[in-house]
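Here is the structure we will look at, set down as structure tokens.
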Amino acid sequence: MSMYWILFIGIAVISYIVQASLQSKFKKYSKMPLASGMTGKDVAEKMLHDNGIFDVRVTSTPGMLTDHYNPANKTVNLSEGVYGSNSVAAAAVAAHECGHAVQHARAYAPLKMRSALVPVVQFSSSIMTWVLLAGILMVNTFPQLLLAGICLFAMTTLFSFITLPVEINASQRALVWLSKAGITNSYNHKAAEDALRSAAYTYVVAALGSLATLVYYIMIYMGRRD
């Protein structure tokens, strides 16, 4: 099992580095203003309208890096540091979240699959920890309980991997539009690209961490004494 602990520690360290890098780059590019002076709210509304989407509202939400698209009520929720900021970072984040709205409007298959899994993952997450803990304690007397916990955890791992193409595609849509609409230029487009790439890395690390944890639980189950 020692190899798995090394793997866990390695992933934890990489996760910390990726998160620190994301925050550092967001802080750096937040000081780089757009030539147009458009705020995150302006950018979001323009991208939605340019894509023929007029039934999605752009709102402000508390916190930092709390930006998200909610398909249930069709809202692009931008954090306070993005909503009113006219920086390259704000434009990149706003466009990325609108990329999800465009995916929703175009019935992008991975997003549909991800949305369908949300209630399943919410249920799995609510009981998974206790089922796994009880399963590990009773692995030799009642191994089926750990197997049930593994199945629940596998759903969250699957969700993490389906999230990857959804996030990467949203960033691709954002970057193409930012350049085409003239929001970014030859001077600052690379900065927008760098910011969104750093954000994507956090999802990759999360997915790999989830997979490593799943393998660890499977090894416990496979190594039980009958």
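Lettering and numbering for the structure tokens are positional, with chains as A, B, ... in the shown order, residues counted from 1 in each chain, and ligands counted from 1 in the shown order.
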Can you build me a table of stretch 90-157 of chain A residues sitting at most 8 Å from stretch 176-184 of chain A, with the closest atom pair per residue and its distance in Å to one decimal, using only C-alpha atoms, sorted by chain and residue number, as a tab-separated table?
```
residue	atom	partner	partner_atom	distance
A:Ala91	CA	A:Ile183	CA	7.9
A:Ala92	CA	A:Leu178	CA	7.8
A:Ala95	CA	A:Leu178	CA	7.4
```
Can those selected residues be exported to a file as a tab-separated table (two decimals), in the first residue's frame so that it contains C-alpha atoms?
```
chain	number	residue	atom	x	y	z
A	91	ALA	CA	-13.26	38.54	-19.39
A	92	ALA	CA	-11.77	35.03	-19.63
A	95	ALA	CA	-16.63	33.99	-21.33
```
**Residue neighbourhood A:Met3, 12 Å, only C-alpha atoms, exclusion window fewer than 2 positions, as a PyMOL selection string** = chain A and resi 1+5-10+212+215-216+219
**Request:** Considering only C-alpha atoms, return as a PyMOL selection string whatever protein or nucleic-acid residues lie within 10 Å of stretch 63-76 of chain A, sequence-local ones (same chain, fewer than 2 positions apart) excluded.
**Result:** chain A and resi 22-23+26+41+44-45+48+55-61+78-83+93-101+104-105+111+115+199
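Checking A:Ala174, A:Ala148, A:Val121, A:Val13 one by one against A:Asn51, counting only C-alpha atoms, you find the shortest gap at A:Ala174.
Between A:Met113 and the residues A:Ile168, A:Ile162, A:Ile150, A:Leu214, the shortest atom-to-atom distance, using only C-alpha atoms, involves A:Ile162.
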**Item:** Sel. of strand (DSSP E or B) residues, stretch 13-106 of chain A, as a PyMOL selection string
**Value:** chain A and resi 33+57-61+68-70+75-79+87
For stretch 48-155 of chain A against stretch 29-33 of chain A, with a cut-off of 7 Å and counting only C-alpha atoms, what is the closest atom pair and its distance in Å to one decimal for every residue that makes the cut, ordered by chain and number, as a tab-separated table?
```
residue	atom	partner	partner_atom	distance
A:Asn86	CA	A:Pro33	CA	5.6
A:Ser87	CA	A:Pro33	CA	4.1
A:Val88	CA	A:Met32	CA	5.8
A:Ala89	CA	A:Tyr29	CA	5.1
A:Ala90	CA	A:Ser30	CA	6.8
```
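Distance annotation: of A:Ser186, A:Thr156, A:Asn140, A:Ser210, the residue with the minimal separation from A:Met128 is A:Thr156; atom set is only C-alpha atoms.
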**Item:** DSSP helix (DSSP H, G or I) residues within stretch 91-190 of chain A, as an NGL selection string
**Value:** :A and (91-105 or 109-137 or 143-180 or 189-190)
**Message:** Ranking A:Tyr16, A:Lys25, A:Ile136, A:Phe142 by minimum distance to A:Leu196 and counting only C-alpha atoms, which one comes first?
**Reply:** A:Lys25
**Asked** Counting only C-alpha atoms, which of A:Asn77, A:Thr129, A:Asn188, A:Asn169 gets nearest to A:Ala109?
**Response** A:Asn169
**Request:** Tell me, in Å to one decimal, how far atom CA of A:Lys190 is from atom CA of A:Pro110.
**Result:** 26.8 Å
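In this model, the gap between atom CA of A:Thr213 and atom CA of A:Ser198 comes to 23.1 Å.
Residues in contact range of A:Ile127, defined as at most 12 Å between only C-alpha atoms, with sequence neighbours fewer than 2 positions away removed, read Val120, Val121, Gln122, Phe123, Ser124, Ser125, Thr129, Trp130, Val131, Leu132, Leu133, Ala134, Ala148, Gly149, Ile150, Cys151, Leu152 and Phe153 of chain A.
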**Item:** Option closest in space to A:Lys28, from A:Leu164, A:Leu145, A:Ala195, A:Leu175 [counting only C-alpha atoms]
**Value:** A:Ala195
**Message:** For A:Ile14, find every residue with an atom within 12 Å (counting only C-alpha atoms), except residues of its own chain fewer than 2 positions away, and show them as a ChimeraX atom specification.
**Reply:** /A:7-12,16-21,201-206,208-209
Dump as a PDB file, in the first residue's frame, selection limited to N, CA and C atoms:
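This is the output file out_33.pdb:
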```pdb
ATOM      1  N   LEU A   7       1.637   8.023  -4.035  1.00  0.00           N
ATOM      2  CA  LEU A   7       0.808   8.577  -5.117  1.00  0.00           C
ATOM      3  C   LEU A   7      -0.146   9.648  -4.581  1.00  0.00           C
ATOM      4  N   PHE A   8      -0.801   9.365  -3.432  1.00  0.00           N
ATOM      5  CA  PHE A   8      -1.724  10.328  -2.814  1.00  0.00           C
ATOM      6  C   PHE A   8      -1.013  11.624  -2.453  1.00  0.00           C
ATOM      7  N   ILE A   9       0.166  11.475  -1.823  1.00  0.00           N
ATOM      8  CA  ILE A   9       0.932  12.658  -1.411  1.00  0.00           C
ATOM      9  C   ILE A   9       1.357  13.460  -2.637  1.00  0.00           C
ATOM     10  N   GLY A  10       1.778  12.726  -3.686  1.00  0.00           N
ATOM     11  CA  GLY A  10       2.187  13.382  -4.931  1.00  0.00           C
ATOM     12  C   GLY A  10       1.049  14.179  -5.546  1.00  0.00           C
ATOM     13  N   ILE A  11      -0.136  13.577  -5.590  1.00  0.00           N
ATOM     14  CA  ILE A  11      -1.309  14.258  -6.160  1.00  0.00           C
ATOM     15  C   ILE A  11      -1.703  15.459  -5.297  1.00  0.00           C
ATOM     16  N   ALA A  12      -1.598  15.298  -3.961  1.00  0.00           N
ATOM     17  CA  ALA A  12      -1.933  16.398  -3.049  1.00  0.00           C
ATOM     18  C   ALA A  12      -0.997  17.582  -3.264  1.00  0.00           C
ATOM     19  N   TYR A  16      -1.963  21.291  -4.761  1.00  0.00           N
ATOM     20  CA  TYR A  16      -1.642  22.545  -4.066  1.00  0.00           C
ATOM     21  C   TYR A  16      -0.922  23.513  -5.013  1.00  0.00           C
ATOM     22  N   ILE A  17       0.027  22.984  -5.781  1.00  0.00           N
ATOM     23  CA  ILE A  17       0.799  23.811  -6.723  1.00  0.00           C
ATOM     24  C   ILE A  17      -0.121  24.394  -7.801  1.00  0.00           C
ATOM     25  N   VAL A  18      -1.006  23.544  -8.334  1.00  0.00           N
ATOM     26  CA  VAL A  18      -1.932  23.986  -9.389  1.00  0.00           C
ATOM     27  C   VAL A  18      -2.877  25.071  -8.866  1.00  0.00           C
ATOM     28  N   GLN A  19      -3.409  24.869  -7.658  1.00  0.00           N
ATOM     29  CA  GLN A  19      -4.316  25.855  -7.061  1.00  0.00           C
ATOM     30  C   GLN A  19      -3.587  27.177  -6.798  1.00  0.00           C
ATOM     31  N   ALA A  20      -2.353  27.076  -6.276  1.00  0.00           N
ATOM     32  CA  ALA A  20      -1.566  28.282  -5.991  1.00  0.00           C
ATOM     33  C   ALA A  20      -1.246  29.019  -7.286  1.00  0.00           C
ATOM     34  N   SER A  21      -0.937  28.257  -8.335  1.00  0.00           N
ATOM     35  CA  SER A  21      -0.630  28.839  -9.644  1.00  0.00           C
ATOM     36  C   SER A  21      -1.845  29.552 -10.221  1.00  0.00           C
ATOM     37  N   TYR A 201      -6.408  22.749 -15.443  1.00  0.00           N
ATOM     38  CA  TYR A 201      -5.504  21.826 -14.741  1.00  0.00           C
ATOM     39  C   TYR A 201      -6.090  21.386 -13.394  1.00  0.00           C
ATOM     40  N   THR A 202      -6.847  22.276 -12.734  1.00  0.00           N
ATOM     41  CA  THR A 202      -7.417  21.912 -11.432  1.00  0.00           C
ATOM     42  C   THR A 202      -8.399  20.756 -11.580  1.00  0.00           C
ATOM     43  N   TYR A 203      -9.134  20.736 -12.690  1.00  0.00           N
ATOM     44  CA  TYR A 203     -10.090  19.648 -12.936  1.00  0.00           C
ATOM     45  C   TYR A 203      -9.366  18.346 -13.281  1.00  0.00           C
ATOM     46  N   VAL A 204      -8.264  18.450 -13.993  1.00  0.00           N
ATOM     47  CA  VAL A 204      -7.481  17.260 -14.345  1.00  0.00           C
ATOM     48  C   VAL A 204      -6.916  16.611 -13.076  1.00  0.00           C
ATOM     49  N   VAL A 205      -6.342  17.437 -12.201  1.00  0.00           N
ATOM     50  CA  VAL A 205      -5.768  16.928 -10.951  1.00  0.00           C
ATOM     51  C   VAL A 205      -6.856  16.312 -10.070  1.00  0.00           C
ATOM     52  N   ALA A 206      -8.022  16.954 -10.009  1.00  0.00           N
ATOM     53  CA  ALA A 206      -9.136  16.428  -9.202  1.00  0.00           C
ATOM     54  C   ALA A 206      -9.587  15.069  -9.724  1.00  0.00           C
ATOM     55  N   LEU A 208      -7.789  12.871 -11.496  1.00  0.00           N
ATOM     56  CA  LEU A 208      -6.736  11.881 -11.232  1.00  0.00           C
ATOM     57  C   LEU A 208      -6.706  11.496  -9.753  1.00  0.00           C
ATOM     58  N   GLY A 209      -6.930  12.474  -8.879  1.00  0.00           N
ATOM     59  CA  GLY A 209      -6.972  12.192  -7.447  1.00  0.00           C
ATOM     60  C   GLY A 209      -8.127  11.271  -7.100  1.00  0.00           C
TER      61      GLY A 209
END
```
**Computed interatomic separation between atom CA of A:His189 and atom CA of A:Ile53 (Å)** = 24.2 Å
